[in-house]
Every structure is written in structure tokens, then in C-alpha cells.
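Student: Below is the structure I would like to discuss, written out as C-alpha cells.
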Amino acid sequence: MLSRTADHLFWLARYMERAENTARMLDVNYQTSLLPQSPEVAEQGWRALLSISELTQDYQDRYGEIDAKRVKDFIVRDERNPSSIISCLRAARENARAVRGALTTEAWETTNQTWLEFKRLIADGLLLRDPSALFEWVKFRSHLSRGVTVGTMLQDEAFNFLRIGSFLERADNTARLLDVKFQAPEGGAGSSAYDFYHWSAILRSVSAFEIYRKVYSNVIQPEKVAELLILRSNMPRSLAHCLSRLVDNLDRVANEHSGETQRQAGRLHAELAYGRIDEILAGGMHEFLDQFLNRVGELGAGISRDFLMPAA
């Protein structure tokens, strides 16, 4: 496969997954902001969201003080922000357009329609009327895009690069989503009810509330939530599951240059497969997630170097 084609497919999947996960992070923060809490704690939640997304400086340069409405606008519909949902969906559509010959008609039309419909929803003011409805719509369209890809495309190299992009981005965003919570102060200090709803929002944001109940059958505990989203290989959005699928798809497109990248991916997967949550917590959750994000970034650079850049 031409490296340029592989690059477009990889980034098509990453941008679609990024739009979904940005919607998930926003929904967590929006839902928790509705809980009883002080204005200071509410502001800290939005500030943490910008920080984890590495958007703090860009936001402050344009808007100054933290304001919930402005943060939502900036992350959802500001086309000057390359990480906003609207920018991600536009980039996904442009990458799909560049490789229409490598996609099925259904895959292209789903991506194109998502972009057109999102612009209409923004123009109609859905973000102002019902932010959660808009976030749910973005998640649904990402599910639809992924389902159409799996259900209609030949499982060849094009399919593999789409999956590599999806799982790399999902691992990155699940780690960032967890970090939002573990860095945030408890808004209802000493309130078990507040903590329950806060962690429930985290689980619901990754479609894991029912899964948590099925796996653990007890009250929601932070360490169990972390274990589910980091180490449970049968949880679709966990770090362990994402690395497992990433390793599988890298193996299918391996070439003479990719040995080191495959080794790094396999090592990270092994650490998650045999890791224990008590060891992670003892070393510090933020430190673990920060290191994980750095290693995922290195993997992305390795994939780009080995597969996506034309040979000199």
C-alpha cells in the first residue's frame, strides 16, 4: 500500500475516534458540573479538561478567564482549534475524500454525512439547547462509522490501518479521560453521594456502567473503575484491550522497518496484561497515565516513521 494512502486511512480513523472521545470527555465534565458544588470546583473541572487536552494556553490566548460556555464552544465548534470536534470531523471527512477508492461507498457516505449533519446541528443551536444530546449524537455517529467499516470493508491493509488509528487514539483518550478525574479535587469532600455520581459519570462516559456492575457486583470504587479501564482486556475501551488490538493489527502490516515499533507496542501490552492495579496506585495514578501517554505518543511517531512516510 502507498504510504500516502495508509496515512490518510490512519488519520481518518484517529480523527473520528478523537471526535468521539472529545465528546465523551465533555459529557463527563458537563454531567458532573450539574452536581452540587462550589463555583471554584466547577471551574477547576473545566480547567482540568483543557489541561488534559493540552489546550489551556490556546484557550487563554483567545478567551482569558475560564467560563463553561466558552470552553464548550472552544472544544466543540471553534474551527481555529485543530482539536475541536468540528475540526476533527472535517479532517476525517477530508482524509476519507482523499482515499475514496480504498473505502466502500457506505464508509465514505457515513463519514461525509456525519460532517454535513454536524454543521447543521451546530447551526441549529443544539450545543446551547442540549449539550448532552449533541455529545451523544457524535458518539453514535462514530459507532456507526466504525460499524460500517467493520461490516463492509475487506479486511486487508486498508482495514488494518484504520484499526491501528482507532485503537491508538482510543488508548490515548481513555488515559486522558481517567486523568481528568484523578487530577480533579473532590467537589463534595466527605460526600459519598457526590463521589458515587462523579464516578458513575466517568463509567457512563465510556459506556461501562453496566459492565462495571456485571464485573464487580458492588458499590463503585475508584480503584475498581481504574482497574476496569486500564487492565481489563475484555473491556472494549480499556488500555489493555486497545494495546492488544493495536499489536494484532501492527503484526498484519509489519514490514522490514517496523520491528522496533512492534517491540515497543508488545512491551507496553505485556505490562498491561500482567499489571496489577495496586502496583499502579502505589506508584501514582497520574504518574502512570502520564508515562502511558508519552509511550503512546512514541508509538504514534514510530508508526508514522515505519509505515506512513514515503521512503527517501
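Letters A, B, ... go to the chains of the C-alpha cells in the order shown; residues in each chain start at 1; ligands are counted from 1 in the same order.
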Counting only C-alpha atoms, what are the residues of region 249-292 of chain A within 9 Å of region 143-161 of chain A, and for each of them which pair of atoms is the nearest and at what distance in Å, to one decimal? Sort the table by chain and rising number, as a Markdown table.
Tutor:
| residue | atom | partner | partner_atom | distance |
| --- | --- | --- | --- | --- |
| A:Asn249 | CA | A:Asn160 | CA | 5.5 |
| A:Leu250 | CA | A:Asn160 | CA | 7.7 |
| A:Arg252 | CA | A:Asn160 | CA | 7.3 |
| A:Val253 | CA | A:Glu157 | CA | 6.4 |
Student: Near region 110-125 of chain A, within 10 Å and counting only C-alpha atoms, which residues show up once chain neighbours fewer than 6 positions away are dropped, as number ranges by chain?
Tutor: A: 12, 16, 76-77, 85-97, 131, 134, 137-138, 141-142, 144-146, 148-149
Student: At what distance in Å, to one decimal, does CA of Arg267 (chain A) lie from CA of Ile303 (chain A)?
Tutor: 15.3 Å
Student: Can you pull out the residues contacting region 61-72 of chain A? Cut-off 10 Å, using only C-alpha atoms, and skip same-chain residues under 5 positions away; I want them as a PyMOL selection string.
Tutor: chain A and resi 26+29-30+33+42-47+49-50+55-56+77-78+84+127-128+131
Student: Could you dump the residues just selected with N, CA, C and O atoms as a PDB file, in the first residue's frame?
Tutor:
ATOM      1  N   LEU A  26     -16.125  15.761  27.314  1.00  0.00           N
ATOM      2  CA  LEU A  26     -17.007  16.905  27.556  1.00  0.00           C
ATOM      3  C   LEU A  26     -18.256  16.482  28.309  1.00  0.00           C
ATOM      4  O   LEU A  26     -18.715  17.193  29.216  1.00  0.00           O
ATOM      5  N   ASN A  29     -17.576  16.002  32.008  1.00  0.00           N
ATOM      6  CA  ASN A  29     -17.450  17.270  32.730  1.00  0.00           C
ATOM      7  C   ASN A  29     -18.776  18.006  32.815  1.00  0.00           C
ATOM      8  O   ASN A  29     -19.103  18.617  33.833  1.00  0.00           O
ATOM      9  N   TYR A  30     -19.567  17.946  31.747  1.00  0.00           N
ATOM     10  CA  TYR A  30     -20.861  18.620  31.768  1.00  0.00           C
ATOM     11  C   TYR A  30     -21.787  17.971  32.791  1.00  0.00           C
ATOM     12  O   TYR A  30     -22.456  18.672  33.577  1.00  0.00           O
ATOM     13  N   SER A  33     -20.674  18.777  36.270  1.00  0.00           N
ATOM     14  CA  SER A  33     -20.861  20.192  36.596  1.00  0.00           C
ATOM     15  C   SER A  33     -22.282  20.483  37.068  1.00  0.00           C
ATOM     16  O   SER A  33     -22.525  21.525  37.690  1.00  0.00           O
ATOM     17  N   ALA A  42     -16.217  23.844  40.205  1.00  0.00           N
ATOM     18  CA  ALA A  42     -16.737  23.734  38.841  1.00  0.00           C
ATOM     19  C   ALA A  42     -15.720  24.277  37.837  1.00  0.00           C
ATOM     20  O   ALA A  42     -15.478  23.668  36.785  1.00  0.00           O
ATOM     21  N   GLU A  43     -15.115  25.419  38.177  1.00  0.00           N
ATOM     22  CA  GLU A  43     -14.104  26.000  37.293  1.00  0.00           C
ATOM     23  C   GLU A  43     -12.891  25.087  37.166  1.00  0.00           C
ATOM     24  O   GLU A  43     -12.331  24.931  36.073  1.00  0.00           O
ATOM     25  N   GLN A  44     -12.497  24.471  38.275  1.00  0.00           N
ATOM     26  CA  GLN A  44     -11.356  23.564  38.244  1.00  0.00           C
ATOM     27  C   GLN A  44     -11.611  22.379  37.323  1.00  0.00           C
ATOM     28  O   GLN A  44     -10.691  21.863  36.674  1.00  0.00           O
ATOM     29  N   GLY A  45     -12.874  21.934  37.254  1.00  0.00           N
ATOM     30  CA  GLY A  45     -13.203  20.836  36.359  1.00  0.00           C
ATOM     31  C   GLY A  45     -12.980  21.200  34.903  1.00  0.00           C
ATOM     32  O   GLY A  45     -12.390  20.423  34.132  1.00  0.00           O
ATOM     33  N   TRP A  46     -13.450  22.380  34.501  1.00  0.00           N
ATOM     34  CA  TRP A  46     -13.256  22.826  33.120  1.00  0.00           C
ATOM     35  C   TRP A  46     -11.781  23.109  32.845  1.00  0.00           C
ATOM     36  O   TRP A  46     -11.284  22.842  31.749  1.00  0.00           O
ATOM     37  N   ARG A  47     -11.077  23.642  33.837  1.00  0.00           N
ATOM     38  CA  ARG A  47      -9.647  23.903  33.667  1.00  0.00           C
ATOM     39  C   ARG A  47      -8.871  22.593  33.468  1.00  0.00           C
ATOM     40  O   ARG A  47      -7.962  22.518  32.642  1.00  0.00           O
ATOM     41  N   LEU A  49     -10.042  19.849  32.204  1.00  0.00           N
ATOM     42  CA  LEU A  49     -10.361  19.334  30.876  1.00  0.00           C
ATOM     43  C   LEU A  49      -9.462  19.972  29.816  1.00  0.00           C
ATOM     44  O   LEU A  49      -8.925  19.291  28.946  1.00  0.00           O
ATOM     45  N   LEU A  50      -9.278  21.280  29.896  1.00  0.00           N
ATOM     46  CA  LEU A  50      -8.392  21.973  28.960  1.00  0.00           C
ATOM     47  C   LEU A  50      -6.952  21.495  29.121  1.00  0.00           C
ATOM     48  O   LEU A  50      -6.237  21.295  28.139  1.00  0.00           O
ATOM     49  N   LEU A  55      -4.897  22.152  25.790  1.00  0.00           N
ATOM     50  CA  LEU A  55      -5.499  23.306  25.118  1.00  0.00           C
ATOM     51  C   LEU A  55      -5.525  24.549  26.003  1.00  0.00           C
ATOM     52  O   LEU A  55      -6.072  25.573  25.597  1.00  0.00           O
ATOM     53  N   THR A  56      -4.924  24.476  27.186  1.00  0.00           N
ATOM     54  CA  THR A  56      -5.024  25.583  28.139  1.00  0.00           C
ATOM     55  C   THR A  56      -4.492  26.882  27.561  1.00  0.00           C
ATOM     56  O   THR A  56      -5.152  27.929  27.636  1.00  0.00           O
ATOM     57  N   ARG A  77     -16.960  23.716  18.682  1.00  0.00           N
ATOM     58  CA  ARG A  77     -17.254  24.317  17.370  1.00  0.00           C
ATOM     59  C   ARG A  77     -16.288  25.397  16.904  1.00  0.00           C
ATOM     60  O   ARG A  77     -16.535  26.064  15.904  1.00  0.00           O
ATOM     61  N   ASP A  78     -15.179  25.581  17.596  1.00  0.00           N
ATOM     62  CA  ASP A  78     -14.189  26.577  17.189  1.00  0.00           C
ATOM     63  C   ASP A  78     -13.271  25.967  16.127  1.00  0.00           C
ATOM     64  O   ASP A  78     -12.434  25.122  16.426  1.00  0.00           O
ATOM     65  N   SER A  84     -10.792  20.630  18.122  1.00  0.00           N
ATOM     66  CA  SER A  84     -12.229  20.715  18.375  1.00  0.00           C
ATOM     67  C   SER A  84     -12.961  19.622  17.612  1.00  0.00           C
ATOM     68  O   SER A  84     -12.437  19.058  16.638  1.00  0.00           O
ATOM     69  N   LEU A 127     -25.956  22.719  20.600  1.00  0.00           N
ATOM     70  CA  LEU A 127     -24.960  22.810  21.666  1.00  0.00           C
ATOM     71  C   LEU A 127     -25.455  23.672  22.818  1.00  0.00           C
ATOM     72  O   LEU A 127     -25.196  23.368  23.990  1.00  0.00           O
ATOM     73  N   LEU A 128     -26.184  24.731  22.502  1.00  0.00           N
ATOM     74  CA  LEU A 128     -26.717  25.617  23.546  1.00  0.00           C
ATOM     75  C   LEU A 128     -27.934  25.005  24.223  1.00  0.00           C
ATOM     76  O   LEU A 128     -28.090  25.096  25.446  1.00  0.00           O
ATOM     77  N   PRO A 131     -26.467  20.217  25.363  1.00  0.00           N
ATOM     78  CA  PRO A 131     -25.116  19.723  25.065  1.00  0.00           C
ATOM     79  C   PRO A 131     -25.005  18.205  25.089  1.00  0.00           C
ATOM     80  O   PRO A 131     -24.360  17.610  24.224  1.00  0.00           O
TER      81      PRO A 131
END
Student: With a distance cut-off of 6 Å and only C-alpha atoms, select the neighbouring residues of Leu162 (chain A), excluding the residue or stretch itself and same-chain residues fewer than 6 positions from it, and output the selection as a ChimeraX atom specification.
Tutor: /A:9-10,13
